[in-house]
Structures are given as C-alpha cells and as structure tokens.
file target.pdb (PDB, C-alpha atoms, pLDDT in the B column)
ATOM      1  CA  MET H   1       0.000   0.000   0.000  1.00 71.00           C
ATOM      2  CA  LYS H   2       1.340   3.429  -0.957  1.00 76.00           C
ATOM      3  CA  SER H   3       1.322   6.284   1.536  1.00 76.00           C
ATOM      4  CA  SER H   4      -0.909   8.241  -0.869  1.00 75.00           C
ATOM      5  CA  ASP H   5      -3.510   5.468  -0.538  1.00 81.00           C
ATOM      6  CA  THR H   6      -3.793   6.029   3.215  1.00 90.00           C
ATOM      7  CA  ASP H   7      -4.815   8.696   5.668  1.00 93.00           C
ATOM      8  CA  ILE H   8      -1.777   8.982   7.935  1.00 95.00           C
ATOM      9  CA  LEU H   9      -2.762  10.326  11.326  1.00 97.00           C
ATOM     10  CA  ILE H  10       0.238  11.635  13.244  1.00 97.00           C
ATOM     11  CA  ILE H  11      -0.299  11.601  17.010  1.00 97.00           C
ATOM     12  CA  PRO H  12       2.308  13.635  18.917  1.00 97.00           C
ATOM     13  CA  GLY H  13       2.970  12.999  22.564  1.00 94.00           C
ATOM     14  CA  TYR H  14       2.976  15.105  25.694  1.00 95.00           C
ATOM     15  CA  ASP H  15       3.775  18.758  24.997  1.00 94.00           C
ATOM     16  CA  GLY H  16       3.314  18.288  21.234  1.00 93.00           C
ATOM     17  CA  SER H  17       6.294  18.706  18.963  1.00 87.00           C
ATOM     18  CA  ASP H  18       8.219  21.725  17.742  1.00 87.00           C
ATOM     19  CA  PRO H  19       8.222  22.705  14.033  1.00 88.00           C
ATOM     20  CA  GLY H  20      11.543  20.919  13.368  1.00 90.00           C
ATOM     21  CA  HIS H  21      10.393  17.619  14.871  1.00 93.00           C
ATOM     22  CA  TRP H  22      10.308  14.587  12.559  1.00 94.00           C
ATOM     23  CA  GLN H  23       6.510  14.467  12.816  1.00 94.00           C
ATOM     24  CA  HIS H  24       6.148  17.915  11.244  1.00 93.00           C
ATOM     25  CA  ARG H  25       8.658  17.015   8.542  1.00 94.00           C
ATOM     26  CA  LEU H  26       6.666  13.842   7.803  1.00 94.00           C
ATOM     27  CA  GLU H  27       3.442  15.845   7.583  1.00 94.00           C
ATOM     28  CA  LYS H  28       5.042  18.255   5.085  1.00 94.00           C
ATOM     29  CA  LYS H  29       6.563  15.464   2.992  1.00 95.00           C
ATOM     30  CA  LEU H  30       3.475  13.248   2.684  1.00 93.00           C
ATOM     31  CA  SER H  31       0.317  14.802   1.274  1.00 91.00           C
ATOM     32  CA  SER H  32      -1.860  12.215   3.031  1.00 92.00           C
ATOM     33  CA  ALA H  33      -0.384  12.878   6.485  1.00 94.00           C
ATOM     34  CA  ARG H  34      -1.822  15.225   9.086  1.00 95.00           C
ATOM     35  CA  ILE H  35      -1.194  15.892  12.727  1.00 96.00           C
ATOM     36  CA  VAL H  36      -4.141  15.251  15.012  1.00 96.00           C
ATOM     37  CA  GLN H  37      -4.374  18.447  17.036  1.00 95.00           C
ATOM     38  CA  GLN H  38      -5.092  18.569  20.741  1.00 96.00           C
ATOM     39  CA  PRO H  39      -6.621  21.538  22.576  1.00 94.00           C
ATOM     40  CA  ASP H  40      -3.837  21.251  25.167  1.00 96.00           C
ATOM     41  CA  TRP H  41      -0.654  19.328  24.417  1.00 94.00           C
ATOM     42  CA  LYS H  42      -0.069  18.703  28.140  1.00 95.00           C
ATOM     43  CA  MET H  43      -3.160  16.452  27.805  1.00 95.00           C
ATOM     44  CA  PRO H  44      -4.820  17.281  31.146  1.00 96.00           C
ATOM     45  CA  SER H  45      -7.933  15.372  30.005  1.00 97.00           C
ATOM     46  CA  LEU H  46      -7.520  11.848  28.654  1.00 97.00           C
ATOM     47  CA  LYS H  47     -11.142  11.784  27.520  1.00 97.00           C
ATOM     48  CA  GLU H  48     -10.732  15.020  25.537  1.00 97.00           C
ATOM     49  CA  ALA H  49      -7.523  13.736  23.916  1.00 97.00           C
ATOM     50  CA  VAL H  50      -9.227  10.449  22.953  1.00 98.00           C
ATOM     51  CA  VAL H  51     -12.150  12.360  21.415  1.00 97.00           C
ATOM     52  CA  GLN H  52      -9.727  14.212  19.103  1.00 97.00           C
ATOM     53  CA  ILE H  53      -8.419  10.901  17.759  1.00 96.00           C
ATOM     54  CA  VAL H  54     -11.940   9.573  17.224  1.00 96.00           C
ATOM     55  CA  LYS H  55     -12.927  12.785  15.418  1.00 95.00           C
ATOM     56  CA  ALA H  56      -9.899  12.406  13.141  1.00 94.00           C
ATOM     57  CA  LEU H  57     -11.013   8.862  12.287  1.00 93.00           C
ATOM     58  CA  GLN H  58     -14.473  10.137  11.400  1.00 89.00           C
ATOM     59  CA  HIS H  59     -12.975  12.490   8.794  1.00 78.00           C
ATOM     60  CA  PRO H  60     -14.587  11.631   5.442  1.00 68.00           C
ATOM     61  CA  HIS H  61     -11.413  10.814   3.474  1.00 71.00           C
ATOM     62  CA  GLY H  62     -12.574   7.225   3.076  1.00 78.00           C
ATOM     63  CA  LYS H  63      -8.985   5.986   2.942  1.00 89.00           C
ATOM     64  CA  PRO H  64      -7.528   3.371   5.273  1.00 93.00           C
ATOM     65  CA  VAL H  65      -5.888   4.956   8.307  1.00 95.00           C
ATOM     66  CA  VAL H  66      -2.373   4.411   9.627  1.00 96.00           C
ATOM     67  CA  PHE H  67      -1.422   5.898  12.993  1.00 97.00           C
ATOM     68  CA  VAL H  68       2.094   7.267  13.425  1.00 98.00           C
ATOM     69  CA  THR H  69       2.625   8.121  17.071  1.00 97.00           C
ATOM     70  CA  HIS H  70       5.405   9.515  19.183  1.00 97.00           C
ATOM     71  CA  SER H  71       5.905   9.183  22.909  1.00 96.00           C
ATOM     72  CA  ALA H  72       2.631   9.458  24.888  1.00 97.00           C
ATOM     73  CA  GLY H  73       0.782   9.547  21.556  1.00 97.00           C
ATOM     74  CA  GLY H  74       1.227   5.765  21.460  1.00 97.00           C
ATOM     75  CA  ASN H  75      -0.267   5.395  24.924  1.00 97.00           C
ATOM     76  CA  LEU H  76      -3.094   7.680  23.830  1.00 97.00           C
ATOM     77  CA  VAL H  77      -3.941   5.400  20.891  1.00 97.00           C
ATOM     78  CA  ALA H  78      -4.064   2.433  23.278  1.00 97.00           C
ATOM     79  CA  HIS H  79      -6.540   4.350  25.443  1.00 98.00           C
ATOM     80  CA  ALA H  80      -8.572   5.430  22.397  1.00 97.00           C
ATOM     81  CA  MET H  81      -9.178   1.858  21.221  1.00 97.00           C
ATOM     82  CA  GLN H  82     -12.217   1.361  23.458  1.00 95.00           C
ATOM     83  CA  MET H  83     -14.028   4.376  21.973  1.00 96.00           C
ATOM     84  CA  ILE H  84     -12.812   3.511  18.460  1.00 96.00           C
ATOM     85  CA  GLN H  85     -14.329   0.041  18.814  1.00 95.00           C
ATOM     86  CA  GLU H  86     -17.542   1.347  20.425  1.00 94.00           C
ATOM     87  CA  GLN H  87     -18.054   3.663  17.453  1.00 93.00           C
ATOM     88  CA  ALA H  88     -17.352   0.889  14.923  1.00 93.00           C
ATOM     89  CA  LEU H  89     -14.289   2.699  13.545  1.00 93.00           C
ATOM     90  CA  LYS H  90     -11.769  -0.106  14.166  1.00 93.00           C
ATOM     91  CA  ASP H  91     -11.897  -1.398  10.584  1.00 93.00           C
ATOM     92  CA  LYS H  92     -10.769   1.986   9.237  1.00 94.00           C
ATOM     93  CA  VAL H  93      -7.388   1.533  10.941  1.00 96.00           C
ATOM     94  CA  LYS H  94      -5.005  -0.667   8.982  1.00 95.00           C
ATOM     95  CA  GLY H  95      -1.845  -0.221  11.027  1.00 96.00           C
ATOM     96  CA  ALA H  96       0.272   1.788  13.437  1.00 97.00           C
ATOM     97  CA  PHE H  97       3.870   2.810  14.042  1.00 97.00           C
ATOM     98  CA  LEU H  98       4.281   3.504  17.760  1.00 97.00           C
ATOM     99  CA  VAL H  99       7.547   5.372  18.291  1.00 97.00           C
ATOM    100  CA  THR H 100       9.022   5.408  21.808  1.00 96.00           C
ATOM    101  CA  PRO H 101       5.923   5.203  23.998  1.00 96.00           C
ATOM    102  CA  PRO H 102       6.876   5.879  27.619  1.00 97.00           C
ATOM    103  CA  SER H 103       6.396   3.491  30.503  1.00 97.00           C
ATOM    104  CA  ASP H 104       3.543   4.040  32.907  1.00 97.00           C
ATOM    105  CA  GLU H 105       6.105   5.154  35.478  1.00 97.00           C
ATOM    106  CA  ALA H 106       7.396   7.857  33.120  1.00 97.00           C
ATOM    107  CA  LEU H 107       3.844   8.924  32.176  1.00 96.00           C
ATOM    108  CA  ALA H 108       2.904   9.342  35.829  1.00 96.00           C
ATOM    109  CA  LYS H 109       5.788  11.802  36.290  1.00 96.00           C
ATOM    110  CA  LEU H 110       4.656  14.170  33.507  1.00 96.00           C
ATOM    111  CA  GLN H 111       3.500  17.413  35.057  1.00 95.00           C
ATOM    112  CA  GLY H 112      -0.141  18.225  34.307  1.00 95.00           C
ATOM    113  CA  ILE H 113      -1.004  15.088  32.313  1.00 96.00           C
ATOM    114  CA  ASP H 114      -4.283  13.423  33.267  1.00 97.00           C
ATOM    115  CA  PRO H 115      -3.513  10.702  35.854  1.00 97.00           C
ATOM    116  CA  ALA H 116      -6.022   8.492  33.968  1.00 97.00           C
ATOM    117  CA  PHE H 117      -3.268   7.840  31.386  1.00 97.00           C
ATOM    118  CA  VAL H 118      -1.916   5.295  33.885  1.00 98.00           C
ATOM    119  CA  PRO H 119      -2.184   2.397  33.523  1.00 98.00           C
ATOM    120  CA  THR H 120      -1.860   2.129  29.765  1.00 97.00           C
ATOM    121  CA  PRO H 121      -4.125  -0.581  28.320  1.00 96.00           C
ATOM    122  CA  HIS H 122      -2.087  -3.636  27.355  1.00 93.00           C
ATOM    123  CA  ASP H 123      -4.657  -5.339  25.145  1.00 93.00           C
ATOM    124  CA  PRO H 124      -3.293  -6.228  21.704  1.00 94.00           C
ATOM    125  CA  LEU H 125      -4.157  -3.671  19.065  1.00 95.00           C
ATOM    126  CA  PRO H 126      -6.664  -5.054  16.550  1.00 94.00           C
ATOM    127  CA  PHE H 127      -4.482  -4.132  13.563  1.00 96.00           C
ATOM    128  CA  PRO H 128      -0.841  -4.651  12.577  1.00 96.00           C
ATOM    129  CA  SER H 129       1.520  -2.415  14.484  1.00 97.00           C
ATOM    130  CA  ALA H 130       5.206  -1.853  15.012  1.00 97.00           C
ATOM    131  CA  LEU H 131       6.762  -0.628  18.228  1.00 94.00           C
ATOM    132  CA  VAL H 132       9.799   1.459  17.387  1.00 94.00           C
TER     133      VAL H 132
END

call {"tool": "encode", "arguments": {"input": "target.pdb", "output": "structure tokens"}}
result
Amino acid sequence: MKSSDTDILIIPGYDGSDPGHWQHRLEKKLSSARIVQQPDWKMPSLKEAVVQIVKALQHPHGKPVVFVTHSAGGNLVAHAMQMIQEQALKDKVKGAFLVTPPSDEALAKLQGIDPAFVPTPHDPLPFPSALV
C-alpha cells in the first residue's frame, strides 16, 4: 500500500512537537499525512484527547488509516481503542507505528497530564503495528 492510498494520522505525545520535529517534517513530505491536534498538548484530560483521535477517524477521506505516534501519543492510541471500537471505527485503521511510547512510570511523572493515562491498556491492538 502506498502512503498516498492512506490517511496517515500523526499523534504527537505530551507537549506536542516543535516545528523541526520529525513528525512535522513527515506531515510536510506526505500529502496524506496530518497531525491530530489537541486543545492542550499537556493532555490534562484523557477523555478530551481520545475524542480528538476519534474525530480524526471520522474524517470523510474514506482511505484506510495508519497511525504514526510519538511518545505518549502511542499510549493515547491504546486508550482510544475502546471508543474507536464502540463507534465501529476499528476497521478503518489498517496499522500503526508507535515510536518510543513511555512506561507508565514515566507517564505518571509528567506534570499536568491526566492521571487516567496510567495504567496504559495492554490489550493487543486489533491491527498490525510496530513498536519502534
């Protein structure tokens, strides 16, 4: 599958990413890639952060979705799976690249992040994924 045949949803982690970060470079390089925005990159509300991912999946592109996450963005996708499945959106997701998700211990130390991020769900993702 070509990248142009997919909707690549980039999920940054805690505190977002600066303009020079590899996620922004990926978004600029691939026309089908977009960063899923959060109202607050410190993610003080897990529920609100999950809703942003679900909204991005509901976008009417009609293409298969691939998640590309960084740091706590990977943990966020794990948390979002329950709502994704409840809303029958699971089949839209064809894969994920989870880059350096932090441990629950590291997540718990992030200032201002919603404590509900811990523990991270450990259920297998229902699509192919690679932990980088």

call {"tool": "closest_atom_pairs", "arguments": {"input": "target.pdb", "of": "stretch 26-75 of chain H", "to": "stretch 95-114 of chain H", "cutoff": "12 Å", "atoms": "all atoms listed in the file", "output": "CSV"}}
result
residue,atom,partner,partner_atom,distance
H:Asp40,CA,H:Ile113,CA,9.9
H:Trp41,CA,H:Ile113,CA,9.0
H:Lys42,CA,H:Ile113,CA,5.6
H:Met43,CA,H:Ile113,CA,5.2
H:Pro44,CA,H:Asp114,CA,4.4
H:Ser45,CA,H:Asp114,CA,5.3
H:Leu46,CA,H:Asp114,CA,5.9
H:Lys47,CA,H:Asp114,CA,9.1
H:Glu48,CA,H:Asp114,CA,10.2
H:Ala49,CA,H:Asp114,CA,9.9
H:Val50,CA,H:Asp114,CA,11.8
H:Pro64,CA,H:Gly95,CA,8.8
H:Val65,CA,H:Gly95,CA,7.1
H:Val66,CA,H:Gly95,CA,4.9
H:Phe67,CA,H:Ala96,CA,4.5
H:Val68,CA,H:Phe97,CA,4.8
H:Thr69,CA,H:Leu98,CA,5.0
H:His70,CA,H:Val99,CA,4.7
H:Ser71,CA,H:Pro101,CA,4.1
H:Ala72,CA,H:Pro101,CA,5.5
H:Gly73,CA,H:Pro101,CA,7.2
H:Gly74,CA,H:Leu98,CA,5.3
H:Asn75,CA,H:Pro101,CA,6.3

call {"tool": "atom_distance", "arguments": {"input": "target.pdb", "atom1": "atom CA of H:Ser4", "atom2": "atom CA of H:Ala88"}}
result
24.0 Å

call {"tool": "atom_distance", "arguments": {"input": "target.pdb", "atom1": "atom CA of H:Lys63", "atom2": "atom CA of H:Asp7"}}
result
5.7 Å

call {"tool": "resolve_selection", "arguments": {"input": "target.pdb", "expression": "the PyMOL selection byres ((chain H and resi 26-37) around 6)", "output": "NGL selection string"}}
result
:H and (4 or 7-11 or 23-25 or 38)

call {"tool": "write_last_selection", "arguments": {"input": "target.pdb", "atoms": "C-alpha atoms", "output": "PDB file, keeping the file's coordinate frame"}}
result
ATOM      1  CA  SER H   4      -0.909   8.241  -0.869  1.00 75.00           C
ATOM      2  CA  ASP H   7      -4.815   8.696   5.668  1.00 93.00           C
ATOM      3  CA  ILE H   8      -1.777   8.982   7.935  1.00 95.00           C
ATOM      4  CA  LEU H   9      -2.762  10.326  11.326  1.00 97.00           C
ATOM      5  CA  ILE H  10       0.238  11.635  13.244  1.00 97.00           C
ATOM      6  CA  ILE H  11      -0.299  11.601  17.010  1.00 97.00           C
ATOM      7  CA  GLN H  23       6.510  14.467  12.816  1.00 94.00           C
ATOM      8  CA  HIS H  24       6.148  17.915  11.244  1.00 93.00           C
ATOM      9  CA  ARG H  25       8.658  17.015   8.542  1.00 94.00           C
ATOM     10  CA  GLN H  38      -5.092  18.569  20.741  1.00 96.00           C
TER      11      GLN H  38
END

call {"tool": "atom_distance", "arguments": {"input": "target.pdb", "atom1": "atom CA of H:Leu131", "atom2": "atom CA of H:Leu57"}}
result
21.0 Å

call {"tool": "closest_residue", "arguments": {"input": "target.pdb", "among": "H:Lys2, H:Asp18, H:Val51, H:His79", "to": "H:Thr120", "atoms": "all atoms listed in the file"}}
result
H:His79

call {"tool": "resolve_selection", "arguments": {"input": "target.pdb", "expression": "the PyMOL selection byres ((chain H and resi 89) around 12)", "output": "VMD selection string"}}
result
chain H and resid 53 to 59 62 64 to 65 80 to 88 90 to 94 126 to 127

call {"tool": "write_last_selection", "arguments": {"input": "target.pdb", "atoms": "C-alpha atoms", "output": "PDB file, in the frame of the given file"}}
result
ATOM      1  CA  ILE H  53      -8.419  10.901  17.759  1.00 96.00           C
ATOM      2  CA  VAL H  54     -11.940   9.573  17.224  1.00 96.00           C
ATOM      3  CA  LYS H  55     -12.927  12.785  15.418  1.00 95.00           C
ATOM      4  CA  ALA H  56      -9.899  12.406  13.141  1.00 94.00           C
ATOM      5  CA  LEU H  57     -11.013   8.862  12.287  1.00 93.00           C
ATOM      6  CA  GLN H  58     -14.473  10.137  11.400  1.00 89.00           C
ATOM      7  CA  HIS H  59     -12.975  12.490   8.794  1.00 78.00           C
ATOM      8  CA  GLY H  62     -12.574   7.225   3.076  1.00 78.00           C
ATOM      9  CA  PRO H  64      -7.528   3.371   5.273  1.00 93.00           C
ATOM     10  CA  VAL H  65      -5.888   4.956   8.307  1.00 95.00           C
ATOM     11  CA  ALA H  80      -8.572   5.430  22.397  1.00 97.00           C
ATOM     12  CA  MET H  81      -9.178   1.858  21.221  1.00 97.00           C
ATOM     13  CA  GLN H  82     -12.217   1.361  23.458  1.00 95.00           C
ATOM     14  CA  MET H  83     -14.028   4.376  21.973  1.00 96.00           C
ATOM     15  CA  ILE H  84     -12.812   3.511  18.460  1.00 96.00           C
ATOM     16  CA  GLN H  85     -14.329   0.041  18.814  1.00 95.00           C
ATOM     17  CA  GLU H  86     -17.542   1.347  20.425  1.00 94.00           C
ATOM     18  CA  GLN H  87     -18.054   3.663  17.453  1.00 93.00           C
ATOM     19  CA  ALA H  88     -17.352   0.889  14.923  1.00 93.00           C
ATOM     20  CA  LYS H  90     -11.769  -0.106  14.166  1.00 93.00           C
ATOM     21  CA  ASP H  91     -11.897  -1.398  10.584  1.00 93.00           C
ATOM     22  CA  LYS H  92     -10.769   1.986   9.237  1.00 94.00           C
ATOM     23  CA  VAL H  93      -7.388   1.533  10.941  1.00 96.00           C
ATOM     24  CA  LYS H  94      -5.005  -0.667   8.982  1.00 95.00           C
ATOM     25  CA  PRO H 126      -6.664  -5.054  16.550  1.00 94.00           C
ATOM     26  CA  PHE H 127      -4.482  -4.132  13.563  1.00 96.00           C
TER      27      PHE H 127
END

call {"tool": "closest_residue", "arguments": {"input": "target.pdb", "among": "H:Ala116, H:Val132, H:Met1, H:Leu125", "to": "H:Val77", "atoms": "only C-alpha atoms"}}
result
H:Leu125

call {"tool": "decode", "arguments": {"input": "target.pdb", "residues": "stretch 13-120 of chain H", "atoms": "C-alpha atoms", "output": "PDB file, in the first residue's frame"}}
result
ATOM      1  CA  GLY H  13       2.970  12.999  22.564  1.00  0.00           C
ATOM      2  CA  TYR H  14       2.976  15.105  25.694  1.00  0.00           C
ATOM      3  CA  ASP H  15       3.775  18.758  24.997  1.00  0.00           C
ATOM      4  CA  GLY H  16       3.314  18.288  21.234  1.00  0.00           C
ATOM      5  CA  SER H  17       6.294  18.706  18.963  1.00  0.00           C
ATOM      6  CA  ASP H  18       8.219  21.725  17.742  1.00  0.00           C
ATOM      7  CA  PRO H  19       8.222  22.705  14.033  1.00  0.00           C
ATOM      8  CA  GLY H  20      11.543  20.919  13.368  1.00  0.00           C
ATOM      9  CA  HIS H  21      10.393  17.619  14.871  1.00  0.00           C
ATOM     10  CA  TRP H  22      10.308  14.587  12.559  1.00  0.00           C
ATOM     11  CA  GLN H  23       6.510  14.467  12.816  1.00  0.00           C
ATOM     12  CA  HIS H  24       6.148  17.915  11.244  1.00  0.00           C
ATOM     13  CA  ARG H  25       8.658  17.015   8.542  1.00  0.00           C
ATOM     14  CA  LEU H  26       6.666  13.842   7.803  1.00  0.00           C
ATOM     15  CA  GLU H  27       3.442  15.845   7.583  1.00  0.00           C
ATOM     16  CA  LYS H  28       5.042  18.255   5.085  1.00  0.00           C
ATOM     17  CA  LYS H  29       6.563  15.464   2.992  1.00  0.00           C
ATOM     18  CA  LEU H  30       3.475  13.248   2.684  1.00  0.00           C
ATOM     19  CA  SER H  31       0.317  14.802   1.274  1.00  0.00           C
ATOM     20  CA  SER H  32      -1.860  12.215   3.031  1.00  0.00           C
ATOM     21  CA  ALA H  33      -0.384  12.878   6.485  1.00  0.00           C
ATOM     22  CA  ARG H  34      -1.822  15.225   9.086  1.00  0.00           C
ATOM     23  CA  ILE H  35      -1.194  15.892  12.727  1.00  0.00           C
ATOM     24  CA  VAL H  36      -4.141  15.251  15.012  1.00  0.00           C
ATOM     25  CA  GLN H  37      -4.374  18.447  17.036  1.00  0.00           C
ATOM     26  CA  GLN H  38      -5.092  18.569  20.741  1.00  0.00           C
ATOM     27  CA  PRO H  39      -6.621  21.538  22.576  1.00  0.00           C
ATOM     28  CA  ASP H  40      -3.837  21.251  25.167  1.00  0.00           C
ATOM     29  CA  TRP H  41      -0.654  19.328  24.417  1.00  0.00           C
ATOM     30  CA  LYS H  42      -0.069  18.703  28.140  1.00  0.00           C
ATOM     31  CA  MET H  43      -3.160  16.452  27.805  1.00  0.00           C
ATOM     32  CA  PRO H  44      -4.820  17.281  31.146  1.00  0.00           C
ATOM     33  CA  SER H  45      -7.933  15.372  30.005  1.00  0.00           C
ATOM     34  CA  LEU H  46      -7.520  11.848  28.654  1.00  0.00           C
ATOM     35  CA  LYS H  47     -11.142  11.784  27.520  1.00  0.00           C
ATOM     36  CA  GLU H  48     -10.732  15.020  25.537  1.00  0.00           C
ATOM     37  CA  ALA H  49      -7.523  13.736  23.916  1.00  0.00           C
ATOM     38  CA  VAL H  50      -9.227  10.449  22.953  1.00  0.00           C
ATOM     39  CA  VAL H  51     -12.150  12.360  21.415  1.00  0.00           C
ATOM     40  CA  GLN H  52      -9.727  14.212  19.103  1.00  0.00           C
ATOM     41  CA  ILE H  53      -8.419  10.901  17.759  1.00  0.00           C
ATOM     42  CA  VAL H  54     -11.940   9.573  17.224  1.00  0.00           C
ATOM     43  CA  LYS H  55     -12.927  12.785  15.418  1.00  0.00           C
ATOM     44  CA  ALA H  56      -9.899  12.406  13.141  1.00  0.00           C
ATOM     45  CA  LEU H  57     -11.013   8.862  12.287  1.00  0.00           C
ATOM     46  CA  GLN H  58     -14.473  10.137  11.400  1.00  0.00           C
ATOM     47  CA  HIS H  59     -12.975  12.490   8.794  1.00  0.00           C
ATOM     48  CA  PRO H  60     -14.587  11.631   5.442  1.00  0.00           C
ATOM     49  CA  HIS H  61     -11.413  10.814   3.474  1.00  0.00           C
ATOM     50  CA  GLY H  62     -12.574   7.225   3.076  1.00  0.00           C
ATOM     51  CA  LYS H  63      -8.985   5.986   2.942  1.00  0.00           C
ATOM     52  CA  PRO H  64      -7.528   3.371   5.273  1.00  0.00           C
ATOM     53  CA  VAL H  65      -5.888   4.956   8.307  1.00  0.00           C
ATOM     54  CA  VAL H  66      -2.373   4.411   9.627  1.00  0.00           C
ATOM     55  CA  PHE H  67      -1.422   5.898  12.993  1.00  0.00           C
ATOM     56  CA  VAL H  68       2.094   7.267  13.425  1.00  0.00           C
ATOM     57  CA  THR H  69       2.625   8.121  17.071  1.00  0.00           C
ATOM     58  CA  HIS H  70       5.405   9.515  19.183  1.00  0.00           C
ATOM     59  CA  SER H  71       5.905   9.183  22.909  1.00  0.00           C
ATOM     60  CA  ALA H  72       2.631   9.458  24.888  1.00  0.00           C
ATOM     61  CA  GLY H  73       0.782   9.547  21.556  1.00  0.00           C
ATOM     62  CA  GLY H  74       1.227   5.765  21.460  1.00  0.00           C
ATOM     63  CA  ASN H  75      -0.267   5.395  24.924  1.00  0.00           C
ATOM     64  CA  LEU H  76      -3.094   7.680  23.830  1.00  0.00           C
ATOM     65  CA  VAL H  77      -3.941   5.400  20.891  1.00  0.00           C
ATOM     66  CA  ALA H  78      -4.064   2.433  23.278  1.00  0.00           C
ATOM     67  CA  HIS H  79      -6.540   4.350  25.443  1.00  0.00           C
ATOM     68  CA  ALA H  80      -8.572   5.430  22.397  1.00  0.00           C
ATOM     69  CA  MET H  81      -9.178   1.858  21.221  1.00  0.00           C
ATOM     70  CA  GLN H  82     -12.217   1.361  23.458  1.00  0.00           C
ATOM     71  CA  MET H  83     -14.028   4.376  21.973  1.00  0.00           C
ATOM     72  CA  ILE H  84     -12.812   3.511  18.460  1.00  0.00           C
ATOM     73  CA  GLN H  85     -14.329   0.041  18.814  1.00  0.00           C
ATOM     74  CA  GLU H  86     -17.542   1.347  20.425  1.00  0.00           C
ATOM     75  CA  GLN H  87     -18.054   3.663  17.453  1.00  0.00           C
ATOM     76  CA  ALA H  88     -17.352   0.889  14.923  1.00  0.00           C
ATOM     77  CA  LEU H  89     -14.289   2.699  13.545  1.00  0.00           C
ATOM     78  CA  LYS H  90     -11.769  -0.106  14.166  1.00  0.00           C
ATOM     79  CA  ASP H  91     -11.897  -1.398  10.584  1.00  0.00           C
ATOM     80  CA  LYS H  92     -10.769   1.986   9.237  1.00  0.00           C
ATOM     81  CA  VAL H  93      -7.388   1.533  10.941  1.00  0.00           C
ATOM     82  CA  LYS H  94      -5.005  -0.667   8.982  1.00  0.00           C
ATOM     83  CA  GLY H  95      -1.845  -0.221  11.027  1.00  0.00           C
ATOM     84  CA  ALA H  96       0.272   1.788  13.437  1.00  0.00           C
ATOM     85  CA  PHE H  97       3.870   2.810  14.042  1.00  0.00           C
ATOM     86  CA  LEU H  98       4.281   3.504  17.760  1.00  0.00           C
ATOM     87  CA  VAL H  99       7.547   5.372  18.291  1.00  0.00           C
ATOM     88  CA  THR H 100       9.022   5.408  21.808  1.00  0.00           C
ATOM     89  CA  PRO H 101       5.923   5.203  23.998  1.00  0.00           C
ATOM     90  CA  PRO H 102       6.876   5.879  27.619  1.00  0.00           C
ATOM     91  CA  SER H 103       6.396   3.491  30.503  1.00  0.00           C
ATOM     92  CA  ASP H 104       3.543   4.040  32.907  1.00  0.00           C
ATOM     93  CA  GLU H 105       6.105   5.154  35.478  1.00  0.00           C
ATOM     94  CA  ALA H 106       7.396   7.857  33.120  1.00  0.00           C
ATOM     95  CA  LEU H 107       3.844   8.924  32.176  1.00  0.00           C
ATOM     96  CA  ALA H 108       2.904   9.342  35.829  1.00  0.00           C
ATOM     97  CA  LYS H 109       5.788  11.802  36.290  1.00  0.00           C
ATOM     98  CA  LEU H 110       4.656  14.170  33.507  1.00  0.00           C
ATOM     99  CA  GLN H 111       3.500  17.413  35.057  1.00  0.00           C
ATOM    100  CA  GLY H 112      -0.141  18.225  34.307  1.00  0.00           C
ATOM    101  CA  ILE H 113      -1.004  15.088  32.313  1.00  0.00           C
ATOM    102  CA  ASP H 114      -4.283  13.423  33.267  1.00  0.00           C
ATOM    103  CA  PRO H 115      -3.513  10.702  35.854  1.00  0.00           C
ATOM    104  CA  ALA H 116      -6.022   8.492  33.968  1.00  0.00           C
ATOM    105  CA  PHE H 117      -3.268   7.840  31.386  1.00  0.00           C
ATOM    106  CA  VAL H 118      -1.916   5.295  33.885  1.00  0.00           C
ATOM    107  CA  PRO H 119      -2.184   2.397  33.523  1.00  0.00           C
ATOM    108  CA  THR H 120      -1.860   2.129  29.765  1.00  0.00           C
TER     109      THR H 120
END
